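The next block holds one structure in the form of structure tokens; read it before the comments.
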Amino acid sequence: MNFDRSPISNKWLIEKLCSLEADIIVTNVHKVIHEDVLNQVNSKFINLHYSIIPAYQGLIGSAPLNAALARKNRIHGVTAHVVTKLVDEGETLVQAAFPIDYSHDIKQRNFEAGCLALLNAILYSNLDSHECIYFNKILVNPADDSLDLIFLTNTFNKLKG
């Protein structure tokens, strides 16, 4: 079904999501989830926004990164947040930032930061404190400039207690 926020689509989406009985639902439809869906589905909705909110709130997809590049920002990042009826206003779960380095694939770095922040938000969604991750080459083995290494180190250290 083509999800278009109509009453019929919302009803279908509510039925589908309720049948899943999911603890967490990650939204990625690039559309605002209708308030009825949020109210009737007993799950926590998480969204990944491709900026450090409050910067570029309300922009969708790669538009926040494009706006940051147009402004010649030196740092960019992502925010994983709880979805509420107010667009991009829900509680911040994780933010990840990285320097904009034009010698790297910035869109790929943005995507990787988003994936890792979202995974971190899901893994630690029951924690009361907010998580902030800063991806910087200084934190990474020079032979392996991988965001995965930072995330895995952070995750394993937390799991070890």
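Convention: chains lettered A, B, ... in structure tokens order; per-chain residue numbering from 1; ligands numbered from 1 as shown.
Among the residues of range 17-76 of chain A, backbone DSSP assigns helix (DSSP H, G or I) to Leu17, Cys18, Ser19, Leu20, Glu35, Asp36, Val37, Leu38, Asn39, Gln40, Ala63, Pro64, Leu65, Asn66, Ala67, Ala68, Leu69 and Ala70 of chain A.
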List every residue of range 4-39 of chain A that DSSP, applied to the backbone of this structure, assigns to strand (DSSP E or B), and report them as a PDB file with N, CA and C atoms, in the first residue's frame.
ATOM      1  N   ILE A  24      10.028  -1.008  19.706  1.00  0.00           N
ATOM      2  CA  ILE A  24      10.546   0.198  19.043  1.00  0.00           C
ATOM      3  C   ILE A  24      10.262   0.102  17.554  1.00  0.00           C
ATOM      4  N   ILE A  25       9.804   1.207  16.989  1.00  0.00           N
ATOM      5  CA  ILE A  25       9.598   1.309  15.546  1.00  0.00           C
ATOM      6  C   ILE A  25      10.458   2.454  15.044  1.00  0.00           C
ATOM      7  N   VAL A  26      11.325   2.155  14.087  1.00  0.00           N
ATOM      8  CA  VAL A  26      12.169   3.185  13.486  1.00  0.00           C
ATOM      9  C   VAL A  26      11.450   3.688  12.249  1.00  0.00           C
ATOM     10  N   THR A  27      11.195   4.985  12.219  1.00  0.00           N
ATOM     11  CA  THR A  27      10.501   5.557  11.061  1.00  0.00           C
ATOM     12  C   THR A  27      11.521   5.899   9.990  1.00  0.00           C
TER      13      THR A  27
END
For Ile33 in chain A, please output as a PDB file with N, CA and C atoms, in the first residue's frame all residues within 8 Å (counting only C-alpha atoms; exclusion window: fewer than 5 positions along the same chain).
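What ended up in out_14.pdb:
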ATOM      1  N   ARG A   5      -0.811   9.164   4.310  1.00  0.00           N
ATOM      2  CA  ARG A   5      -1.393   9.871   5.463  1.00  0.00           C
ATOM      3  C   ARG A   5      -2.900  10.066   5.357  1.00  0.00           C
ATOM      4  N   LEU A  38       0.548   7.508  16.081  1.00  0.00           N
ATOM      5  CA  LEU A  38       1.363   7.581  17.295  1.00  0.00           C
ATOM      6  C   LEU A  38       0.545   7.260  18.544  1.00  0.00           C
ATOM      7  N   LYS A  85       4.022  14.167  17.943  1.00  0.00           N
ATOM      8  CA  LYS A  85       3.157  14.825  16.955  1.00  0.00           C
ATOM      9  C   LYS A  85       3.784  16.108  16.422  1.00  0.00           C
TER      10      LYS A  85
END
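The smallest atom-to-atom distance between Ser51 in chain A and any of A:Gln108, A:Gln95, A:His30, A:Leu119, using only C-alpha atoms, is found for A:Gln95.
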If you count only C-alpha atoms, which residues fall within 9 Å of Ile75 in chain A, apart from same-chain ones fewer than 6 positions away, as a list in words?
Ala68, Ala97, Phe98, Pro99, Ile100 and Asp101 of chain A
Show me, as a tab-separated table (two decimals) with C-alpha atoms, in the first residue's frame, the residues that have an atom within 10 Å of Phe111 in chain A when counting only C-alpha atoms, minus same-chain residues fewer than 6 positions from it.
chain	number	residue	atom	x	y	z
A	50	TYR	CA	20.32	14.08	9.46
A	62	SER	CA	19.59	14.59	2.69
A	77	GLY	CA	25.90	15.33	12.53
A	78	VAL	CA	22.73	13.42	13.18
A	117	ALA	CA	23.66	6.74	16.27
Could you tell me how far CA of Glu35 in chain A lies from CA of Gly114 in chain A, in Å and to one decimal?
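According to the coordinates, CA of Glu35 in chain A and CA of Gly114 in chain A are separated by 24.8 Å.
Minimum atom-to-atom distances from A:Asn28, A:Asn110, A:Asn120, A:Asn10 to Asn47 in chain A were compared using only C-alpha atoms, and the lowest value belongs to A:Asn28.
Take CA of Lys31 in chain A and CA of Asp4 in chain A: the distance between them is 8.3 Å.
CA of Ala67 in chain A to CA of Ser103 in chain A spans 18.7 Å [interatomic distance, one decimal].
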